[in-house]
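> The structure that follows is given in the form of structure tokens.
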Amino acid sequence: MLKRIEITDKAKEMVVLLKKSFRDLLFYQAGGCCEGTQPQCLEKNAVFLRTADVCIGQVEGIDFWLDKDLFEYWKHAHFTLDIAEGFGVGGFSLEAPYGKTFVIRYRLFTEEELKNLEPVRYYTY
């Protein structure tokens, strides 16, 4: 089965740093508004997932959730979690105080890859 999300080595370094300071983390990427469409790394207890939000996999043991509408738009794409210098749109993500921002690099799956994708998990109450 092919993973829908992977992480770069530089992003892993930031995740390791954040795991030392915070216990339970999750990534959430919404479809717009204040945080744009940037991935946000947040403490689990600081986020209320919505019905039908979609977990596309894990990076470094952390669930990566998408807004259900964003998933519908990007369900044919592979995500690579990366990190960049500077502040993101929203500034709520835990890496912001370090002058960094998580970003996603996308590429479309091939027809063959689409046949072998890991299943997603939908949030339910």
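Chain labels run A, B, ... following the order of the structure tokens; each chain numbers its residues from 1, and ligands are numbered from 1 in the order shown.
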Would you pick out the contacts of region 75-81 of chain A at 12 Å or less, using only C-alpha atoms, so that residues sharing its chain but fewer than 3 positions from it are not included, and give the list as a VMD selection string?
chain A and resid 2 to 15 27 to 29 38 to 41 54 to 60 62 64 to 72 84 101 to 120
> From a backbone DSSP assignment, name each residue in chain A labelled alpha helix (DSSP H), as a list of chain:residue names.
A:Asp9, A:Lys10, A:Ala11, A:Lys12, A:Glu13, A:Met14, A:Val15, A:Val16, A:Leu17, A:Leu18, A:Lys19, A:Lys20, A:Ser21, A:Lys68, A:Asp69, A:Leu70, A:Phe71, A:Glu72, A:Tyr73, A:Trp74, A:Glu111, A:Glu112, A:Glu113, A:Leu114
> Could you write out that same residue set with C-alpha atoms as a compact mmCIF listing (two decimals), in the first residue's frame?

```txt
# COMPACT_ATOMS: atom_id res chain seq x y z
CA ASP A 9 14.17 15.14 6.98
CA LYS A 10 14.08 18.87 7.82
CA ALA A 11 10.42 18.65 8.84
CA LYS A 12 11.23 15.56 10.94
CA GLU A 13 13.79 17.62 12.88
CA MET A 14 11.10 20.14 13.81
CA VAL A 15 8.64 17.39 14.76
CA VAL A 16 11.24 15.83 17.08
CA LEU A 17 11.79 19.23 18.71
CA LEU A 18 8.05 19.79 19.16
CA LYS A 19 7.51 16.31 20.60
CA LYS A 20 10.01 17.15 23.35
CA SER A 21 7.91 20.15 24.44
CA LYS A 68 -13.30 16.93 4.46
CA ASP A 69 -13.77 19.40 1.58
CA LEU A 70 -10.02 19.86 1.17
CA PHE A 71 -9.60 16.08 1.04
CA GLU A 72 -12.17 15.85 -1.76
CA TYR A 73 -10.18 18.42 -3.71
CA TRP A 74 -6.76 16.82 -3.07
CA GLU A 111 -3.16 5.87 -12.34
CA GLU A 112 -1.27 2.83 -11.01
CA GLU A 113 -0.63 4.46 -7.62
CA LEU A 114 -4.32 5.31 -7.23
```
> Separation of CA of Leu49 (chain A) and CA of Glu85 (chain A), in Å?
27.9 Å
> Could you go through chain A and tell me which residues DSSP, when run on the backbone, assigns to strand (DSSP E), listing them as a VMD selection string?
chain A and resid 5 to 7 25 to 29 39 to 43 54 to 59 62 to 66 77 to 85 100 to 108 121 to 122
> Given the selection you just returned, output its residues as a file containing N, CA and C atoms, formatted as a CSV table (one decimal), in the first residue's frame.

```
chain,number,residue,atom,x,y,z
A,5,ILE,N,1.0,10.4,2.5
A,5,ILE,CA,1.8,11.5,3.1
A,5,ILE,C,3.1,11.0,3.5
A,6,GLU,N,4.1,11.8,3.3
A,6,GLU,CA,5.5,11.5,3.8
A,6,GLU,C,6.0,12.9,4.3
A,7,ILE,N,7.2,12.8,4.9
A,7,ILE,CA,7.8,13.9,5.6
A,7,ILE,C,9.3,14.0,5.2
A,25,LEU,N,0.3,15.4,19.8
A,25,LEU,CA,0.2,16.3,18.7
A,25,LEU,C,-0.6,15.8,17.6
A,26,LEU,N,-1.1,16.7,16.7
A,26,LEU,CA,-1.7,16.3,15.5
A,26,LEU,C,-1.5,17.4,14.5
A,27,PHE,N,-1.6,17.0,13.2
A,27,PHE,CA,-1.5,18.0,12.1
A,27,PHE,C,-2.9,18.1,11.6
A,28,TYR,N,-3.3,19.4,11.3
A,28,TYR,CA,-4.6,19.6,10.7
A,28,TYR,C,-4.4,20.6,9.6
A,29,GLN,N,-5.0,20.3,8.4
A,29,GLN,CA,-5.0,21.3,7.3
A,29,GLN,C,-6.4,21.6,6.9
A,39,PRO,N,-0.6,23.4,6.7
A,39,PRO,CA,-0.7,22.4,7.8
A,39,PRO,C,-0.4,23.1,9.1
A,40,GLN,N,-1.2,22.8,10.1
A,40,GLN,CA,-1.0,23.3,11.4
A,40,GLN,C,-0.6,22.2,12.3
A,41,CYS,N,0.5,22.3,13.1
A,41,CYS,CA,0.8,21.3,14.1
A,41,CYS,C,0.3,21.9,15.4
A,42,LEU,N,-0.6,21.1,16.1
A,42,LEU,CA,-1.3,21.5,17.3
A,42,LEU,C,-1.3,20.4,18.3
A,43,GLU,N,-1.5,20.8,19.6
A,43,GLU,CA,-1.8,19.8,20.6
A,43,GLU,C,-3.2,19.2,20.4
A,54,VAL,N,-10.8,14.0,7.6
A,54,VAL,CA,-10.1,12.8,7.1
A,54,VAL,C,-8.7,12.7,7.5
A,55,CYS,N,-8.3,11.6,8.1
A,55,CYS,CA,-6.9,11.3,8.4
A,55,CYS,C,-6.3,10.6,7.3
A,56,ILE,N,-5.3,11.2,6.6
A,56,ILE,CA,-4.7,10.6,5.4
A,56,ILE,C,-3.5,9.8,5.8
A,57,GLY,N,-3.1,9.7,7.0
A,57,GLY,CA,-2.0,8.9,7.5
A,57,GLY,C,-1.3,9.6,8.6
A,58,GLN,N,0.0,9.1,8.9
A,58,GLN,CA,0.7,9.6,10.0
A,58,GLN,C,2.1,10.0,9.5
A,59,VAL,N,2.7,11.0,10.2
A,59,VAL,CA,4.1,11.4,10.0
A,59,VAL,C,4.7,11.3,11.4
A,62,ILE,N,2.4,10.9,14.2
A,62,ILE,CA,1.4,11.9,14.4
A,62,ILE,C,0.3,11.9,13.3
A,63,ASP,N,-1.0,11.8,13.7
A,63,ASP,CA,-2.0,11.8,12.7
A,63,ASP,C,-2.0,13.1,11.9
A,64,PHE,N,-2.3,13.0,10.6
A,64,PHE,CA,-2.4,14.1,9.7
A,64,PHE,C,-3.8,14.2,9.2
A,65,TRP,N,-4.6,15.2,9.7
A,65,TRP,CA,-6.0,15.3,9.3
A,65,TRP,C,-6.2,16.4,8.3
A,66,LEU,N,-7.2,16.2,7.5
A,66,LEU,CA,-7.6,17.2,6.5
A,66,LEU,C,-9.1,17.6,6.7
A,77,ALA,N,-3.9,13.4,-4.8
A,77,ALA,CA,-2.5,14.0,-4.6
A,77,ALA,C,-1.8,13.3,-3.4
A,78,HIS,N,-0.5,13.2,-3.6
A,78,HIS,CA,0.5,12.8,-2.6
A,78,HIS,C,0.9,14.0,-1.9
A,79,PHE,N,1.0,14.0,-0.6
A,79,PHE,CA,1.4,15.1,0.2
A,79,PHE,C,2.9,14.8,0.8
A,80,THR,N,3.7,15.8,0.7
A,80,THR,CA,5.0,15.7,1.4
A,80,THR,C,5.1,16.9,2.4
A,81,LEU,N,5.2,16.6,3.6
A,81,LEU,CA,5.3,17.6,4.7
A,81,LEU,C,6.7,18.1,4.7
A,82,ASP,N,6.9,19.4,4.6
A,82,ASP,CA,8.2,20.0,4.6
A,82,ASP,C,8.1,21.2,5.5
A,83,ILE,N,9.2,21.9,5.7
A,83,ILE,CA,9.3,23.1,6.6
A,83,ILE,C,10.0,24.2,5.8
A,84,ALA,N,9.6,25.4,6.0
A,84,ALA,CA,10.2,26.6,5.4
A,84,ALA,C,10.5,27.6,6.4
A,85,GLU,N,11.5,28.5,6.1
A,85,GLU,CA,11.8,29.6,7.0
A,85,GLU,C,10.7,30.6,6.9
A,100,LYS,N,9.6,29.3,11.8
A,100,LYS,CA,9.5,28.3,10.7
A,100,LYS,C,8.0,28.1,10.4
A,101,THR,N,7.7,27.5,9.3
A,101,THR,CA,6.3,27.1,9.0
A,101,THR,C,6.3,25.8,8.2
A,102,PHE,N,5.4,24.9,8.6
A,102,PHE,CA,5.2,23.7,7.8
A,102,PHE,C,4.5,24.0,6.5
A,103,VAL,N,4.9,23.4,5.5
A,103,VAL,CA,4.3,23.5,4.2
A,103,VAL,C,4.1,22.1,3.6
A,104,ILE,N,3.2,22.1,2.6
A,104,ILE,CA,2.9,20.8,1.9
A,104,ILE,C,3.4,21.0,0.4
A,105,ARG,N,4.1,20.0,0.0
A,105,ARG,CA,4.4,19.9,-1.5
A,105,ARG,C,3.5,18.8,-2.0
A,106,TYR,N,2.9,19.1,-3.1
A,106,TYR,CA,1.9,18.1,-3.7
A,106,TYR,C,2.4,17.6,-5.0
A,107,ARG,N,2.0,16.4,-5.3
A,107,ARG,CA,2.1,15.8,-6.7
A,107,ARG,C,1.0,14.9,-6.9
A,108,LEU,N,0.5,14.8,-8.1
A,108,LEU,CA,-0.6,13.9,-8.4
A,108,LEU,C,-0.1,12.4,-8.4
A,121,ARG,N,-9.0,7.4,7.1
A,121,ARG,CA,-9.9,7.2,8.2
A,121,ARG,C,-10.7,8.5,8.4
A,122,TYR,N,-12.0,8.4,8.5
A,122,TYR,CA,-12.9,9.5,8.7
A,122,TYR,C,-13.2,9.7,10.2
```
> Please compute the CA of Val47 (chain A)-CA of Gly61 (chain A) distance, one decimal, in Å.
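These atoms are spaced 17.4 Å apart.
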> Quick one: residues within 9 Å of Phe87 (chain A), only C-alpha atoms counted, chain neighbours fewer than 3 positions away excluded, as a list in words?
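Near Phe87 (chain A), the qualifying residues are Ala84, Gly90, Gly91, Glu95, Ala96, Pro97, Tyr98, Gly99, Lys100 and Thr101 of chain A.
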> Let's have the selection written as a PDB file, in the first residue's frame, with N, CA and C atoms.

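Output contents, as saved in again31.pdb:
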```pdb
ATOM      1  N   ALA A  84       9.615  25.425   6.048  1.00  0.00           N
ATOM      2  CA  ALA A  84      10.232  26.577   5.394  1.00  0.00           C
ATOM      3  C   ALA A  84      10.548  27.634   6.440  1.00  0.00           C
ATOM      4  N   GLY A  90      -1.382  31.722   9.456  1.00  0.00           N
ATOM      5  CA  GLY A  90      -2.143  31.814  10.694  1.00  0.00           C
ATOM      6  C   GLY A  90      -1.309  32.069  11.930  1.00  0.00           C
ATOM      7  N   GLY A  91      -0.153  31.441  12.018  1.00  0.00           N
ATOM      8  CA  GLY A  91       0.703  31.620  13.173  1.00  0.00           C
ATOM      9  C   GLY A  91       0.288  30.831  14.401  1.00  0.00           C
ATOM     10  N   GLU A  95       5.246  25.394  15.446  1.00  0.00           N
ATOM     11  CA  GLU A  95       6.595  25.707  14.970  1.00  0.00           C
ATOM     12  C   GLU A  95       6.811  27.205  14.767  1.00  0.00           C
ATOM     13  N   ALA A  96       5.748  28.002  14.785  1.00  0.00           N
ATOM     14  CA  ALA A  96       5.831  29.436  14.508  1.00  0.00           C
ATOM     15  C   ALA A  96       6.839  30.183  15.396  1.00  0.00           C
ATOM     16  N   PRO A  97       6.897  29.922  16.708  1.00  0.00           N
ATOM     17  CA  PRO A  97       7.873  30.645  17.537  1.00  0.00           C
ATOM     18  C   PRO A  97       9.335  30.391  17.138  1.00  0.00           C
ATOM     19  N   TYR A  98       9.577  29.355  16.363  1.00  0.00           N
ATOM     20  CA  TYR A  98      10.934  29.057  15.900  1.00  0.00           C
ATOM     21  C   TYR A  98      11.244  29.731  14.573  1.00  0.00           C
ATOM     22  N   GLY A  99      10.321  30.559  14.086  1.00  0.00           N
ATOM     23  CA  GLY A  99      10.535  31.250  12.825  1.00  0.00           C
ATOM     24  C   GLY A  99      10.422  30.330  11.615  1.00  0.00           C
ATOM     25  N   LYS A 100       9.645  29.265  11.760  1.00  0.00           N
ATOM     26  CA  LYS A 100       9.469  28.263  10.700  1.00  0.00           C
ATOM     27  C   LYS A 100       7.982  28.083  10.425  1.00  0.00           C
ATOM     28  N   THR A 101       7.687  27.464   9.304  1.00  0.00           N
ATOM     29  CA  THR A 101       6.313  27.117   8.987  1.00  0.00           C
ATOM     30  C   THR A 101       6.276  25.810   8.216  1.00  0.00           C
TER      31      THR A 101
END
```
> Mind giving me the straight-line distance from CA of Gly86 (chain A) to CA of Ala30 (chain A) in Å, one decimal?
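If I compute the distance from CA of Gly86 (chain A) to CA of Ala30 (chain A), I get 19.8 Å.
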